Structures are given as structure tokens and as C-alpha cells.
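File shown: work23.pdb (PDB, C-alpha atoms, pLDDT in the B column).
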MODEL        1
ATOM      1  CA  MET A   1      -7.873  -3.716  -2.899  1.00 98.00           C
ATOM      2  CA  ASP A   2      -5.378  -1.438  -4.592  1.00 96.00           C
ATOM      3  CA  SER A   3      -5.132   0.900  -7.555  1.00 94.00           C
ATOM      4  CA  GLY A   4      -2.668  -1.479  -9.194  1.00 92.00           C
ATOM      5  CA  ILE A   5      -0.128  -4.048  -8.030  1.00 93.00           C
ATOM      6  CA  GLY A   6       1.471  -2.056  -5.197  1.00 92.00           C
ATOM      7  CA  GLY A   7      -0.918  -3.610  -2.696  1.00 95.00           C
ATOM      8  CA  LEU A   8       0.947  -6.879  -3.168  1.00 95.00           C
ATOM      9  CA  SER A   9       3.381  -5.467  -0.595  1.00 94.00           C
ATOM     10  CA  ILE A  10       0.526  -5.858   1.923  1.00 96.00           C
ATOM     11  CA  VAL A  11      -0.477  -9.282   0.588  1.00 96.00           C
ATOM     12  CA  ARG A  12       3.009 -10.739   1.038  1.00 94.00           C
ATOM     13  CA  VAL A  13       3.079  -9.681   4.709  1.00 96.00           C
ATOM     14  CA  LEU A  14      -0.465 -10.973   5.233  1.00 96.00           C
ATOM     15  CA  MET A  15       0.584 -14.353   3.875  1.00 94.00           C
ATOM     16  CA  GLN A  16       3.661 -14.427   6.105  1.00 94.00           C
ATOM     17  CA  GLU A  17       1.941 -13.347   9.328  1.00 96.00           C
ATOM     18  CA  LEU A  18      -1.531 -14.869   8.790  1.00 96.00           C
ATOM     19  CA  PRO A  19      -0.762 -17.959   6.707  1.00 93.00           C
ATOM     20  CA  HIS A  20      -4.157 -19.611   7.307  1.00 95.00           C
ATOM     21  CA  GLU A  21      -6.201 -16.775   5.829  1.00 96.00           C
ATOM     22  CA  SER A  22      -7.653 -16.862   2.321  1.00 94.00           C
ATOM     23  CA  ILE A  23      -7.187 -13.640   0.372  1.00 96.00           C
ATOM     24  CA  ILE A  24      -9.015 -12.021  -2.522  1.00 97.00           C
ATOM     25  CA  PHE A  25      -6.989  -9.231  -4.111  1.00 97.00           C
ATOM     26  CA  VAL A  26      -8.317  -6.734  -6.648  1.00 98.00           C
ATOM     27  CA  GLY A  27      -5.848  -4.511  -8.480  1.00 97.00           C
ATOM     28  CA  ASP A  28      -7.684  -1.742 -10.336  1.00 97.00           C
ATOM     29  CA  GLN A  29      -5.146  -1.480 -13.127  1.00 95.00           C
ATOM     30  CA  GLN A  30      -7.764  -0.236 -15.578  1.00 96.00           C
ATOM     31  CA  HIS A  31      -7.967   3.024 -13.621  1.00 96.00           C
ATOM     32  CA  PHE A  32      -4.309   3.246 -12.578  1.00 91.00           C
ATOM     33  CA  PRO A  33      -2.961   5.569 -11.282  1.00 92.00           C
ATOM     34  CA  TYR A  34      -5.280   6.795  -8.519  1.00 94.00           C
ATOM     35  CA  GLY A  35      -2.763   9.414  -7.426  1.00 91.00           C
ATOM     36  CA  THR A  36      -3.674  11.825 -10.235  1.00 91.00           C
ATOM     37  CA  ARG A  37      -7.462  11.378  -9.959  1.00 94.00           C
ATOM     38  CA  THR A  38      -9.952  13.526  -8.083  1.00 95.00           C
ATOM     39  CA  THR A  39     -11.017  12.583  -4.575  1.00 95.00           C
ATOM     40  CA  GLU A  40     -14.593  12.020  -5.758  1.00 96.00           C
ATOM     41  CA  ASN A  41     -13.491   9.655  -8.525  1.00 97.00           C
ATOM     42  CA  ILE A  42     -11.241   7.675  -6.174  1.00 96.00           C
ATOM     43  CA  ARG A  43     -14.141   7.268  -3.765  1.00 97.00           C
ATOM     44  CA  GLU A  44     -16.408   6.000  -6.549  1.00 98.00           C
ATOM     45  CA  LEU A  45     -13.827   3.443  -7.685  1.00 98.00           C
ATOM     46  CA  ALA A  46     -13.030   2.287  -4.134  1.00 98.00           C
ATOM     47  CA  LEU A  47     -16.704   1.855  -3.293  1.00 97.00           C
ATOM     48  CA  LYS A  48     -17.354  -0.154  -6.458  1.00 97.00           C
ATOM     49  CA  ILE A  49     -14.495  -2.563  -5.721  1.00 98.00           C
ATOM     50  CA  SER A  50     -15.442  -2.802  -2.058  1.00 98.00           C
ATOM     51  CA  GLN A  51     -19.034  -3.693  -2.895  1.00 97.00           C
ATOM     52  CA  TYR A  52     -17.771  -6.455  -5.178  1.00 97.00           C
ATOM     53  CA  LEU A  53     -15.580  -7.850  -2.393  1.00 98.00           C
ATOM     54  CA  VAL A  54     -18.412  -7.714   0.149  1.00 98.00           C
ATOM     55  CA  ALA A  55     -20.489  -9.750  -2.315  1.00 97.00           C
ATOM     56  CA  GLN A  56     -17.734 -12.405  -2.141  1.00 96.00           C
ATOM     57  CA  ASN A  57     -18.424 -12.742   1.601  1.00 96.00           C
ATOM     58  CA  VAL A  58     -15.100 -11.380   2.796  1.00 97.00           C
ATOM     59  CA  LYS A  59     -14.896 -10.794   6.547  1.00 97.00           C
ATOM     60  CA  LEU A  60     -12.551  -7.791   6.461  1.00 98.00           C
ATOM     61  CA  LEU A  61     -11.285  -5.336   3.864  1.00 98.00           C
ATOM     62  CA  VAL A  62      -7.818  -3.835   3.670  1.00 98.00           C
ATOM     63  CA  ILE A  63      -7.474  -0.736   1.513  1.00 98.00           C
ATOM     64  CA  ALA A  64      -3.932  -1.590   0.398  1.00 97.00           C
ATOM     65  CA  CYS A  65      -3.543   1.827  -1.199  1.00 95.00           C
ATOM     66  CA  ASN A  66      -2.554   5.038   0.561  1.00 94.00           C
ATOM     67  CA  THR A  67      -4.335   7.225  -1.986  1.00 94.00           C
ATOM     68  CA  ALA A  68      -7.621   5.337  -1.597  1.00 96.00           C
ATOM     69  CA  THR A  69      -7.187   5.275   2.183  1.00 96.00           C
ATOM     70  CA  ALA A  70      -6.803   9.060   2.288  1.00 95.00           C
ATOM     71  CA  ALA A  71      -9.779   9.619  -0.015  1.00 95.00           C
ATOM     72  CA  ALA A  72     -12.267   6.926   0.938  1.00 97.00           C
ATOM     73  CA  LEU A  73     -11.579   5.207   4.279  1.00 97.00           C
ATOM     74  CA  PRO A  74     -14.248   6.984   6.390  1.00 96.00           C
ATOM     75  CA  ILE A  75     -16.885   6.513   3.677  1.00 97.00           C
ATOM     76  CA  LEU A  76     -16.173   2.793   3.267  1.00 98.00           C
ATOM     77  CA  GLN A  77     -16.139   2.294   7.029  1.00 98.00           C
ATOM     78  CA  ALA A  78     -19.550   3.959   7.249  1.00 97.00           C
ATOM     79  CA  GLN A  79     -21.158   2.178   4.299  1.00 97.00           C
ATOM     80  CA  LEU A  80     -19.790  -1.368   4.408  1.00 98.00           C
ATOM     81  CA  PRO A  81     -21.034  -4.088   6.804  1.00 97.00           C
ATOM     82  CA  ILE A  82     -17.497  -5.350   7.529  1.00 97.00           C
ATOM     83  CA  PRO A  83     -14.395  -3.859   9.183  1.00 97.00           C
ATOM     84  CA  VAL A  84     -12.324  -1.688   6.825  1.00 98.00           C
ATOM     85  CA  ILE A  85      -8.658  -1.000   7.564  1.00 98.00           C
ATOM     86  CA  GLY A  86      -6.471   1.553   5.817  1.00 97.00           C
ATOM     87  CA  VAL A  87      -2.699   1.921   5.746  1.00 96.00           C
ATOM     88  CA  ILE A  88      -2.082   5.519   6.823  1.00 96.00           C
ATOM     89  CA  GLU A  89      -2.713   5.390  10.576  1.00 95.00           C
ATOM     90  CA  PRO A  90      -0.653   2.176  10.969  1.00 95.00           C
ATOM     91  CA  GLY A  91       2.181   3.724   8.951  1.00 95.00           C
ATOM     92  CA  ALA A  92       2.163   6.873  11.079  1.00 96.00           C
ATOM     93  CA  ARG A  93       2.244   4.840  14.302  1.00 94.00           C
ATOM     94  CA  ALA A  94       5.198   2.813  13.069  1.00 94.00           C
ATOM     95  CA  ALA A  95       7.120   5.965  12.123  1.00 95.00           C
ATOM     96  CA  ILE A  96       6.549   7.607  15.497  1.00 94.00           C
ATOM     97  CA  GLU A  97       7.797   4.484  17.286  1.00 92.00           C
ATOM     98  CA  VAL A  98      11.037   4.660  15.317  1.00 89.00           C
ATOM     99  CA  ALA A  99      11.671   8.387  14.992  1.00 85.00           C
ATOM    100  CA  GLN A 100       9.641   9.862  17.890  1.00 69.00           C
ATOM    101  CA  THR A 101      10.177  13.634  17.624  1.00 65.00           C
ATOM    102  CA  SER A 102      12.872  13.515  14.941  1.00 79.00           C
ATOM    103  CA  ARG A 103      12.186  14.746  11.424  1.00 92.00           C
ATOM    104  CA  ILE A 104      10.067  12.240   9.482  1.00 97.00           C
ATOM    105  CA  GLY A 105       9.845  12.136   5.700  1.00 97.00           C
ATOM    106  CA  VAL A 106       6.848  11.019   3.686  1.00 98.00           C
ATOM    107  CA  ILE A 107       6.829  10.039   0.018  1.00 98.00           C
ATOM    108  CA  ALA A 108       3.509   9.321  -1.660  1.00 96.00           C
ATOM    109  CA  THR A 109       1.321  10.029  -4.682  1.00 93.00           C
ATOM    110  CA  ASP A 110       0.217  13.523  -5.636  1.00 94.00           C
ATOM    111  CA  SER A 111      -3.260  12.918  -4.189  1.00 93.00           C
ATOM    112  CA  THR A 112      -2.027  11.535  -0.853  1.00 94.00           C
ATOM    113  CA  ILE A 113       0.385  14.433  -0.359  1.00 96.00           C
ATOM    114  CA  ARG A 114      -2.314  16.977  -1.259  1.00 94.00           C
ATOM    115  CA  SER A 115      -4.616  15.438   1.347  1.00 94.00           C
ATOM    116  CA  GLN A 116      -1.935  15.882   4.057  1.00 96.00           C
ATOM    117  CA  ALA A 117      -3.251  12.618   5.503  1.00 95.00           C
ATOM    118  CA  TYR A 118       0.135  11.470   6.810  1.00 96.00           C
ATOM    119  CA  ALA A 119       1.119  14.851   8.260  1.00 96.00           C
ATOM    120  CA  GLN A 120      -2.227  15.042  10.054  1.00 96.00           C
ATOM    121  CA  ALA A 121      -1.927  11.488  11.380  1.00 96.00           C
ATOM    122  CA  LEU A 122       1.617  12.121  12.618  1.00 96.00           C
ATOM    123  CA  HIS A 123       0.642  15.376  14.296  1.00 95.00           C
ATOM    124  CA  ARG A 124      -2.314  13.692  16.023  1.00 95.00           C
ATOM    125  CA  LEU A 125       0.133  11.248  17.555  1.00 94.00           C
ATOM    126  CA  VAL A 126       2.925  13.741  18.354  1.00 93.00           C
ATOM    127  CA  PRO A 127       1.977  17.363  17.620  1.00 93.00           C
ATOM    128  CA  GLU A 128       5.572  18.607  17.470  1.00 92.00           C
ATOM    129  CA  THR A 129       6.644  16.128  14.796  1.00 93.00           C
ATOM    130  CA  ASN A 130       8.602  17.747  11.957  1.00 94.00           C
ATOM    131  CA  VAL A 131       7.284  16.305   8.699  1.00 96.00           C
ATOM    132  CA  VAL A 132       8.872  16.657   5.250  1.00 97.00           C
ATOM    133  CA  SER A 133       6.395  15.518   2.585  1.00 97.00           C
ATOM    134  CA  GLN A 134       7.237  14.921  -1.057  1.00 98.00           C
ATOM    135  CA  ALA A 135       5.016  13.803  -3.930  1.00 97.00           C
ATOM    136  CA  THR A 136       6.825  11.118  -5.916  1.00 97.00           C
ATOM    137  CA  GLN A 137       4.106  10.056  -8.358  1.00 95.00           C
ATOM    138  CA  PRO A 138       6.484   8.870 -11.150  1.00 95.00           C
ATOM    139  CA  LEU A 139       7.895   6.133  -8.894  1.00 96.00           C
ATOM    140  CA  VAL A 140       4.534   4.364  -8.889  1.00 94.00           C
ATOM    141  CA  SER A 141       4.853   3.572 -12.596  1.00 92.00           C
ATOM    142  CA  VAL A 142       8.396   2.270 -12.105  1.00 95.00           C
ATOM    143  CA  VAL A 143       6.996  -0.520  -9.945  1.00 93.00           C
ATOM    144  CA  GLU A 144       3.762  -1.015 -11.876  1.00 89.00           C
ATOM    145  CA  HIS A 145       5.691  -1.700 -15.071  1.00 88.00           C
ATOM    146  CA  GLY A 146       8.323  -3.986 -13.545  1.00 89.00           C
ATOM    147  CA  LEU A 147      11.303  -1.624 -13.809  1.00 93.00           C
ATOM    148  CA  THR A 148      12.664  -2.133 -10.285  1.00 94.00           C
ATOM    149  CA  GLY A 149      16.348  -3.006 -10.165  1.00 94.00           C
ATOM    150  CA  THR A 150      17.186  -1.027 -13.292  1.00 96.00           C
ATOM    151  CA  PHE A 151      19.428   2.002 -13.850  1.00 97.00           C
ATOM    152  CA  GLN A 152      16.332   3.944 -14.892  1.00 97.00           C
ATOM    153  CA  ALA A 153      14.654   3.160 -11.559  1.00 97.00           C
ATOM    154  CA  GLN A 154      17.692   4.367  -9.604  1.00 98.00           C
ATOM    155  CA  GLN A 155      17.864   7.599 -11.566  1.00 98.00           C
ATOM    156  CA  MET A 156      14.170   8.290 -11.007  1.00 98.00           C
ATOM    157  CA  VAL A 157      14.493   7.575  -7.278  1.00 98.00           C
ATOM    158  CA  ASN A 158      17.518   9.870  -7.020  1.00 98.00           C
ATOM    159  CA  ASN A 159      15.613  12.688  -8.707  1.00 97.00           C
ATOM    160  CA  ALA A 160      12.438  12.171  -6.690  1.00 98.00           C
ATOM    161  CA  LEU A 161      14.208  12.099  -3.314  1.00 98.00           C
ATOM    162  CA  ALA A 162      16.593  15.024  -3.865  1.00 97.00           C
ATOM    163  CA  ILE A 163      14.701  17.107  -1.275  1.00 97.00           C
ATOM    164  CA  PHE A 164      15.868  14.742   1.484  1.00 97.00           C
ATOM    165  CA  LYS A 165      19.476  15.620   0.720  1.00 94.00           C
ATOM    166  CA  GLU A 166      18.632  19.225   1.607  1.00 94.00           C
ATOM    167  CA  GLN A 167      16.278  18.334   4.468  1.00 96.00           C
ATOM    168  CA  PRO A 168      17.617  15.073   5.989  1.00 95.00           C
ATOM    169  CA  VAL A 169      15.189  12.812   7.828  1.00 95.00           C
ATOM    170  CA  SER A 170      15.729   9.999  10.326  1.00 94.00           C
ATOM    171  CA  ALA A 171      12.817   7.933   9.021  1.00 95.00           C
ATOM    172  CA  LEU A 172      11.003   7.852   5.692  1.00 97.00           C
ATOM    173  CA  ILE A 173       7.427   6.622   5.386  1.00 97.00           C
ATOM    174  CA  LEU A 174       6.876   4.742   2.144  1.00 97.00           C
ATOM    175  CA  GLY A 175       3.437   6.294   1.728  1.00 96.00           C
ATOM    176  CA  CYS A 176       2.455   4.269  -1.312  1.00 95.00           C
ATOM    177  CA  THR A 177       2.239   0.487  -1.282  1.00 93.00           C
ATOM    178  CA  HIS A 178       4.303   0.387  -4.489  1.00 94.00           C
ATOM    179  CA  PHE A 179       7.340   1.920  -2.811  1.00 96.00           C
ATOM    180  CA  PRO A 180       8.555  -1.008  -0.644  1.00 95.00           C
ATOM    181  CA  PHE A 181       9.520  -2.663  -3.923  1.00 94.00           C
ATOM    182  CA  LEU A 182      12.013   0.205  -4.417  1.00 97.00           C
ATOM    183  CA  GLU A 183      13.676  -0.327  -1.037  1.00 96.00           C
ATOM    184  CA  TYR A 184      17.078  -1.093  -2.586  1.00 97.00           C
ATOM    185  CA  GLU A 185      17.067   2.046  -4.742  1.00 98.00           C
ATOM    186  CA  ILE A 186      15.864   4.256  -1.868  1.00 98.00           C
ATOM    187  CA  HIS A 187      18.539   2.946   0.514  1.00 97.00           C
ATOM    188  CA  HIS A 188      21.150   3.438  -2.194  1.00 97.00           C
ATOM    189  CA  CYS A 189      20.037   7.049  -2.556  1.00 98.00           C
ATOM    190  CA  LEU A 190      19.590   8.056   1.103  1.00 97.00           C
ATOM    191  CA  GLY A 191      21.852   5.604   2.921  1.00 96.00           C
ATOM    192  CA  LYS A 192      21.060   2.803   5.339  1.00 93.00           C
ATOM    193  CA  GLU A 193      20.922   5.192   8.316  1.00 93.00           C
ATOM    194  CA  VAL A 194      17.507   6.436   7.170  1.00 95.00           C
ATOM    195  CA  VAL A 195      14.916   3.976   8.500  1.00 95.00           C
ATOM    196  CA  LEU A 196      12.341   3.064   5.870  1.00 96.00           C
ATOM    197  CA  ILE A 197       8.831   2.667   7.255  1.00 96.00           C
ATOM    198  CA  ASP A 198       6.706   0.155   5.366  1.00 94.00           C
ATOM    199  CA  PRO A 199       3.119   0.501   6.679  1.00 93.00           C
ATOM    200  CA  ALA A 200       2.430  -3.118   5.700  1.00 93.00           C
ATOM    201  CA  GLU A 201       3.680  -4.726   8.918  1.00 91.00           C
ATOM    202  CA  GLU A 202       1.734  -2.411  11.223  1.00 92.00           C
ATOM    203  CA  THR A 203      -1.342  -2.763   8.999  1.00 96.00           C
ATOM    204  CA  VAL A 204      -1.212  -6.547   9.256  1.00 96.00           C
ATOM    205  CA  LYS A 205      -0.863  -6.278  13.048  1.00 95.00           C
ATOM    206  CA  THR A 206      -4.081  -4.267  12.997  1.00 96.00           C
ATOM    207  CA  VAL A 207      -5.781  -6.916  10.842  1.00 97.00           C
ATOM    208  CA  HIS A 208      -4.698  -9.644  13.256  1.00 97.00           C
ATOM    209  CA  SER A 209      -5.979  -7.670  16.224  1.00 96.00           C
ATOM    210  CA  ARG A 210      -9.395  -6.996  14.646  1.00 96.00           C
ATOM    211  CA  LEU A 211      -9.902 -10.626  13.651  1.00 97.00           C
ATOM    212  CA  ALA A 212      -8.772 -11.894  17.060  1.00 97.00           C
ATOM    213  CA  GLN A 213     -11.162  -9.540  18.857  1.00 96.00           C
ATOM    214  CA  THR A 214     -14.119 -11.056  16.998  1.00 94.00           C
ATOM    215  CA  ASP A 215     -12.783 -14.629  17.079  1.00 96.00           C
ATOM    216  CA  GLN A 216     -12.517 -14.703  13.267  1.00 96.00           C
ATOM    217  CA  LEU A 217      -8.927 -15.847  12.796  1.00 96.00           C
ATOM    218  CA  ALA A 218      -8.864 -18.726  10.324  1.00 95.00           C
ATOM    219  CA  ASP A 219      -7.282 -22.113  10.922  1.00 90.00           C
ATOM    220  CA  GLN A 220      -7.433 -23.426   7.341  1.00 83.00           C
ATOM    221  CA  SER A 221      -4.715 -25.849   6.337  1.00 84.00           C
ATOM    222  CA  ASP A 222      -5.174 -25.018   2.645  1.00 87.00           C
ATOM    223  CA  PRO A 223      -6.112 -21.338   2.266  1.00 91.00           C
ATOM    224  CA  GLN A 224      -6.997 -20.100  -1.206  1.00 89.00           C
ATOM    225  CA  SER A 225      -5.742 -16.843  -2.655  1.00 92.00           C
ATOM    226  CA  THR A 226      -7.278 -15.268  -5.740  1.00 94.00           C
ATOM    227  CA  PHE A 227      -5.907 -12.293  -7.650  1.00 96.00           C
ATOM    228  CA  TYR A 228      -8.023 -10.137  -9.947  1.00 97.00           C
ATOM    229  CA  SER A 229      -7.070  -7.286 -12.241  1.00 97.00           C
ATOM    230  CA  THR A 230      -9.431  -4.851 -13.898  1.00 97.00           C
ATOM    231  CA  GLY A 231      -6.685  -4.323 -16.480  1.00 95.00           C
ATOM    232  CA  ASP A 232      -3.731  -6.468 -17.525  1.00 90.00           C
ATOM    233  CA  GLN A 233      -3.896  -9.705 -15.543  1.00 91.00           C
ATOM    234  CA  LEU A 234      -0.573 -10.900 -16.996  1.00 91.00           C
ATOM    235  CA  GLU A 235       1.175  -7.868 -15.511  1.00 90.00           C
ATOM    236  CA  LEU A 236      -0.487  -8.600 -12.169  1.00 93.00           C
ATOM    237  CA  LEU A 237       0.544 -12.266 -12.386  1.00 91.00           C
ATOM    238  CA  ALA A 238       4.152 -11.244 -13.048  1.00 90.00           C
ATOM    239  CA  GLY A 239       4.060  -9.072  -9.915  1.00 91.00           C
ATOM    240  CA  VAL A 240       2.512 -11.843  -7.829  1.00 93.00           C
ATOM    241  CA  ASN A 241       5.099 -14.390  -8.935  1.00 90.00           C
ATOM    242  CA  ARG A 242       7.943 -11.926  -8.418  1.00 88.00           C
ATOM    243  CA  TRP A 243       7.013 -10.332  -5.092  1.00 89.00           C
ATOM    244  CA  VAL A 244       4.485 -12.450  -3.207  1.00 91.00           C
ATOM    245  CA  ASN A 245       5.918 -15.944  -3.352  1.00 81.00           C
ATOM    246  CA  PRO A 246       8.337 -16.822  -6.167  1.00 73.00           C
ATOM    247  CA  GLN A 247       8.117 -20.507  -5.183  1.00 72.00           C
ATOM    248  CA  ALA A 248       4.354 -20.716  -5.720  1.00 76.00           C
ATOM    249  CA  LYS A 249       2.275 -20.285  -8.833  1.00 76.00           C
ATOM    250  CA  TYR A 250      -0.967 -18.340  -8.660  1.00 83.00           C
ATOM    251  CA  GLN A 251      -3.770 -17.762 -11.106  1.00 81.00           C
ATOM    252  CA  CYS A 252      -4.823 -14.232 -11.970  1.00 90.00           C
ATOM    253  CA  ALA A 253      -8.083 -13.383 -13.698  1.00 93.00           C
ATOM    254  CA  HIS A 254      -9.588 -10.345 -15.333  1.00 94.00           C
ATOM    255  CA  LEU A 255     -12.411  -8.625 -13.469  1.00 95.00           C
ATOM    256  CA  ASN A 256     -14.963  -6.429 -15.217  1.00 93.00           C
ATOM    257  CA  LEU A 257     -16.288  -3.735 -12.894  1.00 87.00           C
TER     258      LEU A 257
ENDMDL
END
Write the structure described by the file as C-alpha cells, please.
Amino acid sequence: MDSGIGGLSIVRVLMQELPHESIIFVGDQQHFPYGTRTTENIRELALKISQYLVAQNVKLLVIACNTATAAALPILQAQLPIPVIGVIEPGARAAIEVAQTSRIGVIATDSTIRSQAYAQALHRLVPETNVVSQATQPLVSVVEHGLTGTFQAQQMVNNALAIFKEQPVSALILGCTHFPFLEYEIHHCLGKEVVLIDPAEETVKTVHSRLAQTDQLADQSDPQSTFYSTGDQLELLAGVNRWVNPQAKYQCAHLNL
């Protein structure tokens, strides 16, 4: 589940690393963006989507949204009868492995930065970690509306990341699942020497581990993937065809929740 189409950055890694698994994706585009909503509202929305997915007999839920992870992960883990995995702890672990005690940057939505979820996770792992956090909410819409690769996208990235020119970092956590789709623009702004941390890979490793522990890894030869949007399913379909697998064609449907 995600607040929009950013969670497709998790889906594409899931499909690469766990190719036999069937996936149901819900992008809550009707209520996009989550990053400017209250914590209580985000929890309500996340619980509603999660309950729908549980009713579809899923065996594990990935909150493919940093904002929803920060706001709702403990509640969903307590209330749902299936394992629930977020993206913040895996992202923090991956950053520490790369940067260790060097200065680590975090870019995320307003809500995620306010929660200090990444800073807290990093400090739990290595208390002396120097963290530079920056809310970059406008970049979410750049991806959501298919503007990646444009001059406008580069200008918005340059403006949003100006703080890292003044406070250089060795690694930058892409603390919103939309942001991996801006990797080119971010590298162009900060240079290739800054390691970009996409929590997706570490999150999928966690998924694999949880399923293996309970002997639930699938061996399907023809897995089925279904994509739902609570808003504009054509916009979701464009994102799926562009970022998940350009060689395949998927169906996207509207979901009323």
C-alpha cells in the first residue's frame, strides 16, 4: 500500500527479487498526499486499506510509504493478523552500512520529517550518527504527475536539496518511495559521490526473510499482480508501465474505499 504511486519503487524490486510472488498494490491517490495530513488521519486511511488487503487473503503487508510507516506501523502490526513491514527501519540499516558514523542526510515528506522517525531509527543503530533532515514535500508531486526527467523536475530538486550544499553528507536516504524515481536529478544536483539509499532493497530482503521463516515463499510459475487506485487509475497505469516493467502490460482498476 502507498499514498500514491511512489510505492511502485518497492513493487519493482519485489518483482525482481521475488519473481514468484503475486502482488496486490493499492495506491491511495484519492487522498494523496499523506505528507501534509495529520497523524490520526494517516492512521485511519492506512488501517482502511490494510483491512481491505487482509480481506483479499494476503499473507504479508508492506507499507510502501514512509509517511504511513512513521504514522501507523505499530498500530497495523498490533491490529492485523498478518506480518506488517515498513520501510524506515530497513532504510536506516542500509544507510548505516554505507555511511557508518559519517553524516547522513534524509529527505522525506513534511509528516515523516516532523515525526523524526529516520533520525530516531539511525540513532538507535548508532547513537553518534550525525543526521541532516530536510522536508522535500514538493518533490512527491513531481513524481506523482509524471514530471521526472524534465527541466522543471531538476530545478525543483536543486531548490529542495540546497541545504546539502551547505551541510554535505556522504549518504542520502530517499525517505519517500517516490524519490528513487528522481535518482538522476538528485545525482545531478549532489554528485555521484553521495550514495543514495533506496530503502526498497533492504525492505524486500526483510520480506524475503519473514516469508522464508514461516515457509511461505511462493513457487508460482505464473504469479498475478493487480494494481488498484482510489483515484486516477490511468495515472497509476502510466506509472506501472513506465517504472515497474515497461515490457509488460498490466491492468489497473479503481477501488472505492
Selected by the PyMOL selection byres ((chain A and resi 177) around 6) in the shown coordinates: which residues, as an mmCIF file with C-alpha atoms, in the frame of the given file?
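Done, and the output landed in result.cif:
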data_model
loop_
_atom_site.group_PDB
_atom_site.id
_atom_site.type_symbol
_atom_site.label_atom_id
_atom_site.label_comp_id
_atom_site.auth_asym_id
_atom_site.auth_seq_id
_atom_site.Cartn_x
_atom_site.Cartn_y
_atom_site.Cartn_z
ATOM 1 C CA GLY A 6 1.471 -2.056 -5.197
ATOM 2 C CA GLY A 7 -0.918 -3.610 -2.696
ATOM 3 C CA CYS A 65 -3.543 1.827 -1.199
ATOM 4 C CA CYS A 176 2.455 4.269 -1.312
ATOM 5 C CA HIS A 178 4.303 0.387 -4.489
ATOM 6 C CA PHE A 179 7.340 1.920 -2.811
#
All residues 8 Å or closer to Ile113 in chain A, only C-alpha atoms, same chain fewer than 5 positions away omitted, as a PyMOL selection string: chain A and resi 107-108+118+133-135
- Where does the PyMOL selection byres ((chain A and resi 139) around 9) land in this file, that is, which residues does it pick, as an MDAnalysis selection string? chainID A and resid 109 136:138 140:144 153 156:157 160 178:179 182
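For the set A:Asn66, A:Asn241, A:Ser209, A:Asn158, the residue with the smallest atom-to-atom gap to Gly146 in chain A is A:Asn241, counting only C-alpha atoms.
Note that the spacing between CA of Leu125 in chain A and CA of Ala95 in chain A amounts to 10.3 Å.
Proximity to Gln233 in chain A was assessed for A:Gln79, A:Gln30, A:Ser111, A:Gln220 counting only C-alpha atoms; the smallest distance is recorded for A:Gln30.
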* For the structure provided, state which residues fall under the PyMOL selection byres ((chain A and resi 68) around 8), and present them as a PyMOL selection string. => chain A and resi 2-3+34+42-43+46+63+65-67+69-73
What are the closest atom pairs, with distances in Å to one decimal, for all residues of range 183-221 of chain A lying within 10 Å of range 19-23 of chain A? Consider all atoms listed in the file, order rows by chain and residue number, and present the result as CSV.
residue,atom,partner,partner_atom,distance
A:Gln216,CA,A:Glu21,CA,10.0
A:Leu217,CA,A:Glu21,CA,7.5
A:Ala218,CA,A:Glu21,CA,5.6
A:Asp219,CA,A:His20,CA,5.4
A:Gln220,CA,A:His20,CA,5.0
A:Ser221,CA,A:His20,CA,6.3
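Coordinates place CA of Val26 in chain A at a distance of 4.8 Å from CA of Met1 in chain A.
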